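Source file final.csv; content: CSV, C-alpha atoms.
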```
chain,number,residue,atom,x,y,z
C,837,MET,CA,-64.7,-153.9,186.9
C,838,THR,CA,-66.7,-150.7,186.3
C,839,THR,CA,-70.2,-151.2,185.0
C,840,THR,CA,-71.5,-148.4,182.8
C,841,LEU,CA,-74.9,-147.8,181.2
C,842,ILE,CA,-75.2,-145.4,178.2
C,843,THR,CA,-78.6,-144.4,176.9
C,844,GLY,CA,-79.1,-143.9,173.2
C,845,ALA,CA,-75.8,-145.6,172.6
C,846,ASN,CA,-76.4,-147.5,169.3
C,847,ARG,CA,-75.0,-144.6,167.2
C,848,GLY,CA,-73.2,-141.2,167.3
C,849,LEU,CA,-71.7,-139.9,170.5
C,850,GLY,CA,-73.2,-142.7,172.6
C,851,TYR,CA,-71.7,-145.4,170.4
C,852,GLU,CA,-68.3,-143.7,170.4
C,853,THR,CA,-68.4,-143.2,174.1
C,854,ALA,CA,-69.2,-146.9,174.6
C,855,ARG,CA,-66.4,-147.9,172.3
C,856,GLN,CA,-63.8,-145.9,174.3
C,857,LEU,CA,-65.1,-147.1,177.6
C,858,VAL,CA,-65.1,-150.7,176.5
C,859,GLU,CA,-61.5,-150.1,175.5
C,860,ALA,CA,-60.8,-148.7,178.9
C,861,GLY,CA,-62.0,-151.9,180.5
C,862,HIS,CA,-65.6,-151.0,181.5
C,863,THR,CA,-68.5,-153.4,181.2
C,864,VAL,CA,-70.7,-151.3,179.1
C,865,TYR,CA,-74.5,-151.7,178.6
C,866,ILE,CA,-75.9,-150.2,175.4
C,867,GLY,CA,-79.3,-148.8,176.2
C,868,ALA,CA,-81.4,-148.6,173.0
C,869,ARG,CA,-85.1,-148.9,172.2
C,870,ASP,CA,-84.5,-150.5,168.8
C,871,PRO,CA,-83.5,-154.1,169.5
C,872,GLN,CA,-81.9,-154.7,166.1
C,873,ARG,CA,-79.7,-151.6,166.3
C,874,GLY,CA,-78.9,-152.1,170.0
C,875,LYS,CA,-77.9,-155.7,169.6
C,876,GLN,CA,-75.8,-155.0,166.6
C,877,ALA,CA,-74.0,-152.1,168.3
C,878,ALA,CA,-73.3,-154.2,171.4
C,879,SER,CA,-72.0,-157.0,169.3
C,880,ASP,CA,-69.7,-154.7,167.3
C,881,LEU,CA,-68.3,-153.1,170.5
C,882,GLY,CA,-68.0,-156.1,172.8
C,883,ALA,CA,-70.7,-154.6,175.0
C,884,GLU,CA,-74.1,-155.7,176.4
C,885,TYR,CA,-77.5,-154.7,175.0
C,886,LEU,CA,-80.1,-153.5,177.4
C,887,PRO,CA,-83.7,-152.8,176.0
C,888,LEU,CA,-84.5,-149.3,177.0
C,889,ASP,CA,-86.9,-146.5,176.1
C,890,VAL,CA,-86.3,-143.6,178.3
C,891,THR,CA,-89.7,-142.1,177.5
C,892,SER,CA,-91.4,-145.1,179.2
C,893,ASP,CA,-91.5,-145.6,183.0
C,894,GLU,CA,-92.2,-149.3,182.4
C,895,SER,CA,-89.2,-149.8,180.1
C,896,VAL,CA,-86.9,-147.9,182.4
C,897,ALA,CA,-88.1,-149.9,185.5
C,898,ALA,CA,-87.7,-153.2,183.5
C,899,ALA,CA,-84.1,-152.2,182.5
C,900,ALA,CA,-83.2,-151.4,186.1
C,901,ALA,CA,-84.5,-154.8,187.2
C,902,GLN,CA,-82.1,-156.5,184.8
C,903,LEU,CA,-78.9,-155.1,186.4
C,904,ASP,CA,-77.3,-156.1,189.7
C,905,ALA,CA,-74.8,-153.3,189.8
C,906,LEU,CA,-74.1,-149.9,188.2
C,907,ASP,CA,-71.2,-147.5,188.7
C,908,VAL,CA,-71.6,-145.0,185.8
C,909,LEU,CA,-74.8,-143.7,184.2
C,910,ILE,CA,-74.5,-141.6,181.0
C,911,ASN,CA,-77.7,-139.9,180.0
C,912,ASN,CA,-77.0,-139.5,176.3
C,913,ALA,CA,-80.3,-140.1,174.6
C,914,GLY,CA,-81.8,-137.0,173.1
C,915,ILE,CA,-83.7,-135.5,170.1
C,916,PRO,CA,-83.2,-132.1,168.5
C,917,GLY,CA,-86.8,-131.4,168.1
C,918,PRO,CA,-88.3,-129.1,165.4
C,919,ARG,CA,-86.3,-126.1,164.2
C,920,LYS,CA,-89.0,-123.6,164.5
C,921,GLU,CA,-89.2,-119.9,165.1
C,922,ALA,CA,-90.8,-119.0,168.4
C,923,ARG,CA,-94.0,-117.8,166.7
C,924,ASP,CA,-94.6,-121.3,165.3
C,925,LEU,CA,-93.7,-123.3,168.4
C,926,THR,CA,-96.4,-125.4,170.1
C,927,ALA,CA,-96.7,-126.8,173.5
C,928,GLU,CA,-96.6,-130.3,172.0
C,929,ASP,CA,-93.3,-129.5,170.3
C,930,ILE,CA,-91.8,-128.7,173.7
C,931,HIS,CA,-93.4,-131.7,175.3
C,932,GLN,CA,-92.0,-134.2,172.9
C,933,VAL,CA,-88.4,-132.8,173.3
C,934,PHE,CA,-88.7,-132.6,177.1
C,935,ASP,CA,-90.1,-136.1,177.4
C,936,LEU,CA,-86.8,-137.5,176.1
C,937,ASN,CA,-84.2,-134.9,176.9
C,938,VAL,CA,-85.4,-134.0,180.4
C,939,TYR,CA,-87.9,-136.4,181.7
C,940,GLY,CA,-85.8,-139.3,180.4
C,941,PRO,CA,-82.8,-138.6,182.7
C,942,VAL,CA,-85.2,-138.0,185.6
C,943,ARG,CA,-86.7,-141.5,185.0
C,944,MET,CA,-83.3,-143.0,184.7
C,945,LEU,CA,-82.0,-141.4,187.9
C,946,ARG,CA,-85.0,-142.4,189.9
C,947,ALA,CA,-84.9,-146.0,188.7
C,948,PHE,CA,-81.1,-146.6,188.8
C,949,LEU,CA,-80.3,-144.5,191.9
C,950,PRO,CA,-80.5,-147.5,194.3
C,951,LEU,CA,-77.8,-149.3,192.2
C,952,LEU,CA,-75.6,-146.2,191.9
C,953,GLU,CA,-75.8,-145.7,195.7
C,954,ARG,CA,-74.4,-149.2,196.2
C,955,SER,CA,-71.3,-148.3,194.1
C,956,ALA,CA,-68.0,-147.3,195.6
C,957,ASN,CA,-67.6,-144.7,193.0
C,958,PRO,CA,-71.0,-143.6,191.5
C,959,VAL,CA,-70.9,-141.2,188.6
C,960,VAL,CA,-73.6,-139.6,186.4
C,961,VAL,CA,-72.8,-137.8,183.2
C,962,ASN,CA,-75.7,-135.8,181.6
C,963,VAL,CA,-75.0,-135.0,178.0
C,964,SER,CA,-76.1,-131.5,177.4
C,965,SER,CA,-75.1,-128.9,174.7
C,966,GLY,CA,-73.7,-125.4,174.4
C,967,LEU,CA,-77.2,-124.4,173.3
C,968,GLY,CA,-78.3,-125.0,176.9
C,969,SER,CA,-76.1,-122.2,178.1
C,970,ILE,CA,-78.2,-119.1,178.9
C,971,ALA,CA,-75.1,-117.0,179.4
C,972,THR,CA,-73.9,-117.8,175.9
C,973,ALA,CA,-77.3,-117.3,174.4
C,974,VAL,CA,-77.5,-113.8,175.6
C,975,ASP,CA,-73.9,-112.9,174.8
C,976,PRO,CA,-73.7,-111.0,171.4
C,977,ALA,CA,-70.1,-112.0,171.0
C,978,ALA,CA,-71.0,-115.7,171.1
C,979,HIS,CA,-73.1,-115.3,168.0
C,980,THR,CA,-70.1,-114.8,165.8
C,981,GLY,CA,-68.6,-118.2,166.6
C,982,ALA,CA,-68.6,-121.4,164.5
C,983,VAL,CA,-71.8,-122.7,166.2
C,984,PRO,CA,-74.7,-120.3,165.8
C,985,VAL,CA,-76.4,-120.2,169.2
C,986,TRP,CA,-79.3,-118.4,167.7
C,987,VAL,CA,-80.5,-121.2,165.5
C,988,PRO,CA,-84.3,-121.7,165.7
C,989,ALA,CA,-84.3,-124.7,168.1
C,990,PRO,CA,-85.9,-123.2,171.3
C,991,ALA,CA,-87.3,-126.5,172.4
C,992,TYR,CA,-83.9,-128.2,172.3
C,993,GLY,CA,-82.0,-125.3,173.9
C,994,ALA,CA,-84.6,-125.0,176.7
C,995,SER,CA,-84.5,-128.8,177.3
C,996,LYS,CA,-80.7,-128.7,177.8
C,997,ALA,CA,-80.9,-125.7,180.1
C,998,ALA,CA,-83.4,-127.6,182.1
C,999,LEU,CA,-81.1,-130.6,182.2
C,1000,ASN,CA,-78.3,-128.4,183.4
C,1001,MET,CA,-80.4,-127.2,186.3
C,1002,LEU,CA,-81.5,-130.7,187.2
C,1003,THR,CA,-77.8,-131.7,187.2
C,1004,VAL,CA,-77.0,-129.1,189.9
C,1005,GLN,CA,-80.1,-130.0,192.0
C,1006,TYR,CA,-79.3,-133.7,191.9
C,1007,ALA,CA,-75.6,-133.1,192.7
C,1008,LYS,CA,-76.4,-130.9,195.7
C,1009,GLN,CA,-78.9,-133.4,197.1
C,1010,LEU,CA,-76.8,-136.5,196.4
C,1011,PRO,CA,-73.3,-135.5,197.5
C,1012,ASN,CA,-72.0,-139.1,197.5
C,1013,LEU,CA,-72.4,-139.1,193.7
C,1014,ARG,CA,-70.3,-137.2,191.1
C,1015,ILE,CA,-73.0,-135.7,188.8
C,1016,ASN,CA,-72.0,-133.4,186.0
C,1017,THR,CA,-73.3,-132.1,182.7
C,1018,VAL,CA,-71.2,-131.8,179.6
C,1019,ASP,CA,-71.1,-130.0,176.3
C,1020,PRO,CA,-69.5,-132.3,173.7
C,1021,GLY,CA,-69.2,-129.5,171.1
C,1022,TYR,CA,-70.5,-129.3,167.6
C,1023,THR,CA,-69.9,-132.9,166.5
C,1024,ALA,CA,-70.6,-134.4,163.1
C,1025,THR,CA,-73.3,-137.0,163.7
C,1026,ASP,CA,-76.6,-138.0,162.3
C,1027,PHE,CA,-78.2,-135.8,165.0
C,1028,ASN,CA,-77.2,-132.7,163.1
C,1029,GLY,CA,-76.9,-134.1,159.5
C,1030,ARG,CA,-73.2,-134.5,160.0
C,1031,SER,CA,-72.7,-130.7,159.8
C,1032,GLY,CA,-70.5,-130.5,163.0
C,1033,TYR,CA,-66.8,-129.6,162.7
C,1034,GLN,CA,-65.7,-132.2,165.3
C,1035,THR,CA,-65.2,-135.9,164.9
C,1036,VAL,CA,-67.2,-138.3,167.2
C,1037,GLU,CA,-63.9,-139.2,168.8
C,1038,GLU,CA,-63.3,-135.5,169.7
C,1039,GLY,CA,-66.9,-135.1,170.9
C,1040,ALA,CA,-66.9,-138.1,173.1
C,1041,GLU,CA,-63.7,-137.0,174.9
C,1042,ILE,CA,-65.3,-134.9,177.5
C,1043,ILE,CA,-68.0,-137.6,178.2
C,1044,VAL,CA,-65.4,-140.3,178.7
C,1045,ARG,CA,-63.3,-138.0,180.8
C,1046,LEU,CA,-66.2,-137.3,183.2
C,1047,ALA,CA,-67.3,-140.9,183.2
C,1048,THR,CA,-63.9,-142.0,184.5
C,1049,ILE,CA,-63.5,-139.6,187.4
C,1050,ASP,CA,-63.1,-140.8,191.0
C,1051,GLN,CA,-64.6,-139.6,194.2
C,1052,ASP,CA,-62.2,-136.6,194.2
C,1053,GLY,CA,-63.5,-135.5,190.8
C,1054,PRO,CA,-65.8,-132.6,190.1
C,1055,THR,CA,-69.6,-132.5,190.7
C,1056,ALA,CA,-72.3,-130.0,189.8
C,1057,GLU,CA,-70.2,-128.7,187.0
C,1058,TYR,CA,-70.9,-127.8,183.3
C,1059,LEU,CA,-67.8,-128.8,181.3
C,1060,SER,CA,-66.4,-129.1,177.8
C,1061,ILE,CA,-63.0,-130.1,176.5
C,1062,HIS,CA,-62.1,-126.4,176.8
C,1063,GLY,CA,-63.0,-126.1,180.4
C,1064,THR,CA,-66.0,-124.7,182.3
C,1065,VAL,CA,-69.1,-123.7,180.2
C,1066,PRO,CA,-71.0,-120.6,181.4
C,1067,TRP,CA,-74.4,-121.5,182.8
```
Would you encode the structure as structure tokens?
Amino acid sequence: MTTTLITGANRGLGYETARQLVEAGHTVYIGARDPQRGKQAASDLGAEYLPLDVTSDESVAAAAAQLDALDVLINNAGIPGPRKEARDLTAEDIHQVFDLNVYGPVRMLRAFLPLLERSANPVVVNVSSGLGSIATAVDPAAHTGAVPVWVPAPAYGASKAALNMLTVQYAKQLPNLRINTVDPGYTATDFNGRSGYQTVEEGAEIIVRLATIDQDGPTAEYLSIHGTVPW
């Protein structure tokens, strides 16, 4: 039985990913900082609730101490941050977004790595975004697509670019793990006011696909349902 932990899984893409993995036979832990929502989501899905605030070292350590085994870690929790122009952005704006979107996965990997390294098939999926692609951000042709990569969300885009680099660094240093970063696409969730053009089922597809690879699967890659995403 594959044991999977998903952060921020009480709603949106995390919830749908959990649903699909439970259906696939995984033992899924719903990591959420709101006990009421986390327990309800776990109950609805046939999963387990794990109290978890990825911005807290103490909470992450306590969560790791509750598990005896872990095969798949999905770092899904994130916040969009303020939609501000560069001239209005403050260091605190950046700090708040990075604390969850970047430092959160670092805390999770540090705490749960001993469990993952005991797995026969350890997998990490970092949920990124197309807004984290520097190559796309500087490509004029990309600005005519359905998702405007120039939206004023520099803190969010920078955090996802940082997460992408961390993915590569961890993957190179931990060759026994399969560690990838994914762009789910512009999905209609509460995260974006349900303005996305994809359903949560479609958005979760690439997360689930990468969560179910074996030791012959990819690592240190940036992927979407359409293939490789330019860094």
Using only C-alpha atoms, determine which residues lie at most 7 Å from range 1041-1043 of chain C, disregarding the query and same-chain residues fewer than 3 positions distant; provide the list as a PDB file with C-alpha atoms, in the frame of the given file.
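Output contents, as saved in selection.pdb:
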```
ATOM      1  CA  THR C 853     -68.400-143.200 174.100  1.00  0.00           C
ATOM      2  CA  VAL C 961     -72.800-137.800 183.200  1.00  0.00           C
ATOM      3  CA  VAL C1018     -71.200-131.800 179.600  1.00  0.00           C
ATOM      4  CA  PRO C1020     -69.500-132.300 173.700  1.00  0.00           C
ATOM      5  CA  GLU C1037     -63.900-139.200 168.800  1.00  0.00           C
ATOM      6  CA  GLU C1038     -63.300-135.500 169.700  1.00  0.00           C
ATOM      7  CA  LEU C1046     -66.200-137.300 183.200  1.00  0.00           C
ATOM      8  CA  ALA C1047     -67.300-140.900 183.200  1.00  0.00           C
ATOM      9  CA  SER C1060     -66.400-129.100 177.800  1.00  0.00           C
ATOM     10  CA  ILE C1061     -63.000-130.100 176.500  1.00  0.00           C
TER      11      ILE C1061
END
```
Q.
Let me make sure I understand: among C:Asn1016, C:Thr838, C:Asn937, C:Ser995, which one has the smallest atom-to-atom distance to Thr863 in chain C if we use all atoms listed in the file?
A.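 Among the listed residues, C:Thr838 lies closest to Thr863 in chain C.
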Q: Would you mind reading off the distance between CA of Val959 in chain C and CA of Ile1049 in chain C, one decimal, in Å?
A: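 The value is 7.7 Å.
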Q: Could you give me, as a list in words, the residues within 9 Å of Phe934 in chain C, counting all atoms listed in the file and dropping anything in the same chain fewer than 2 positions from it?
A: Asp929, Ile930, His931, Gln932, Leu936, Asn937, Val938, Tyr939, Gly940, Ala991, Tyr992, Ala994, Ser995, Lys996 and Ala998 of chain C
Q: Please work out which residues fall within 7 Å of (-72.3, -148.0, 190.7), coordinates as given in the file, with all atoms listed in the file counting, and return them as JSON, numbers by chain.
A: {"C": [839, 905, 906, 907, 908, 951, 952, 953, 954, 955, 956, 957, 958]}
Q. Near Asn962 in chain C, counting only C-alpha atoms, which residues have an atom at most 6 Å away, once you skip same-chain residues fewer than 6 positions from it, shown as a list in words?
A.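 Non-adjacent residues within range: Ile910, Asn911 and Thr1017 of chain C.
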Take the residues that were just selected and, keeping C-alpha atoms, output them as a compact mmCIF listing (two decimals), in the frame of the given file.
```
# COMPACT_ATOMS: atom_id res chain seq x y z
CA ILE C 910 -74.50 -141.60 181.00
CA ASN C 911 -77.70 -139.90 180.00
CA THR C 1017 -73.30 -132.10 182.70
```
Assuming the input is short of atoms at range 999-1010 of chain C, produce all heavy atoms for that part as a tab-separated table (two decimals), in the frame of the given file.
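Generated file (out.tsv):
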```
chain	number	residue	atom	x	y	z
C	999	LEU	N	-81.95	-129.52	181.77
C	999	LEU	CA	-81.10	-130.60	182.20
C	999	LEU	C	-79.93	-130.13	183.01
C	999	LEU	O	-79.53	-130.77	184.00
C	999	LEU	CB	-80.61	-131.39	180.95
C	999	LEU	CG	-79.71	-132.60	181.21
C	999	LEU	CD1	-80.46	-133.66	182.01
C	999	LEU	CD2	-79.21	-133.18	179.90
C	1000	ASN	N	-79.38	-128.99	182.64
C	1000	ASN	CA	-78.30	-128.40	183.40
C	1000	ASN	C	-78.70	-128.10	184.84
C	1000	ASN	O	-77.98	-128.39	185.80
C	1000	ASN	CB	-77.77	-127.14	182.73
C	1000	ASN	CG	-77.07	-127.41	181.42
C	1000	ASN	OD1	-76.73	-128.55	181.11
C	1000	ASN	ND2	-76.86	-126.37	180.63
C	1001	MET	N	-79.87	-127.48	185.00
C	1001	MET	CA	-80.40	-127.20	186.30
C	1001	MET	C	-80.64	-128.44	187.14
C	1001	MET	O	-80.32	-128.53	188.34
C	1001	MET	CB	-81.61	-126.30	186.26
C	1001	MET	CG	-82.24	-126.00	187.62
C	1001	MET	SD	-81.11	-125.23	188.80
C	1001	MET	CE	-81.13	-123.53	188.20
C	1002	LEU	N	-81.23	-129.44	186.50
C	1002	LEU	CA	-81.50	-130.70	187.20
C	1002	LEU	C	-80.16	-131.33	187.66
C	1002	LEU	O	-80.08	-131.90	188.75
C	1002	LEU	CB	-82.20	-131.67	186.27
C	1002	LEU	CG	-83.70	-131.44	186.10
C	1002	LEU	CD1	-84.25	-132.35	185.01
C	1002	LEU	CD2	-84.44	-131.70	187.41
C	1003	THR	N	-79.12	-131.21	186.84
C	1003	THR	CA	-77.80	-131.70	187.20
C	1003	THR	C	-77.35	-131.14	188.54
C	1003	THR	O	-76.90	-131.85	189.45
C	1003	THR	CB	-76.78	-131.44	186.12
C	1003	THR	OG1	-77.17	-132.08	184.90
C	1003	THR	CG2	-75.39	-131.94	186.52
C	1004	VAL	N	-77.45	-129.83	188.65
C	1004	VAL	CA	-77.00	-129.10	189.90
C	1004	VAL	C	-77.88	-129.57	191.06
C	1004	VAL	O	-77.36	-129.86	192.15
C	1004	VAL	CB	-77.07	-127.62	189.69
C	1004	VAL	CG1	-76.78	-126.91	191.00
C	1004	VAL	CG2	-76.09	-127.18	188.62
C	1005	GLN	N	-79.19	-129.63	190.86
C	1005	GLN	CA	-80.10	-130.00	192.00
C	1005	GLN	C	-79.80	-131.42	192.46
C	1005	GLN	O	-79.74	-131.65	193.68
C	1005	GLN	CB	-81.54	-129.89	191.49
C	1005	GLN	CG	-81.99	-128.48	191.15
C	1005	GLN	CD	-82.03	-127.58	192.37
C	1005	GLN	OE1	-82.33	-128.02	193.48
C	1005	GLN	NE2	-81.74	-126.31	192.18
C	1006	TYR	N	-79.62	-132.35	191.54
C	1006	TYR	CA	-79.30	-133.70	191.90
C	1006	TYR	C	-77.95	-133.78	192.64
C	1006	TYR	O	-77.78	-134.47	193.66
C	1006	TYR	CB	-79.31	-134.66	190.74
C	1006	TYR	CG	-80.68	-135.15	190.33
C	1006	TYR	CD1	-81.32	-134.61	189.21
C	1006	TYR	CD2	-81.34	-136.15	191.02
C	1006	TYR	CE1	-82.57	-135.05	188.81
C	1006	TYR	CE2	-82.58	-136.60	190.64
C	1006	TYR	CZ	-83.20	-136.05	189.53
C	1006	TYR	OH	-84.44	-136.49	189.15
C	1007	ALA	N	-76.97	-133.09	192.09
C	1007	ALA	CA	-75.60	-133.10	192.70
C	1007	ALA	C	-75.60	-132.58	194.08
C	1007	ALA	O	-74.91	-133.12	194.96
C	1007	ALA	CB	-74.66	-132.34	191.78
C	1008	LYS	N	-76.35	-131.52	194.32
C	1008	LYS	CA	-76.40	-130.90	195.70
C	1008	LYS	C	-77.09	-131.85	196.66
C	1008	LYS	O	-76.72	-131.90	197.83
C	1008	LYS	CB	-77.09	-129.57	195.62
C	1008	LYS	CG	-76.37	-128.52	194.79
C	1008	LYS	CD	-74.97	-128.23	195.32
C	1008	LYS	CE	-74.33	-127.10	194.52
C	1008	LYS	NZ	-72.94	-126.83	194.98
C	1009	GLN	N	-78.11	-132.56	196.21
C	1009	GLN	CA	-78.90	-133.40	197.10
C	1009	GLN	C	-78.28	-134.81	197.26
C	1009	GLN	O	-78.65	-135.54	198.18
C	1009	GLN	CB	-80.32	-133.51	196.63
C	1009	GLN	CG	-81.07	-132.18	196.71
C	1009	GLN	CD	-82.54	-132.33	196.39
C	1009	GLN	OE1	-83.20	-133.25	196.86
C	1009	GLN	NE2	-83.06	-131.42	195.58
C	1010	LEU	N	-77.38	-135.18	196.33
C	1010	LEU	CA	-76.80	-136.50	196.40
C	1010	LEU	C	-75.24	-136.34	196.40
C	1010	LEU	O	-74.55	-136.65	195.42
C	1010	LEU	CB	-77.20	-137.32	195.15
C	1010	LEU	CG	-78.71	-137.57	195.02
C	1010	LEU	CD1	-79.03	-138.12	193.64
C	1010	LEU	CD2	-79.19	-138.52	196.12
```
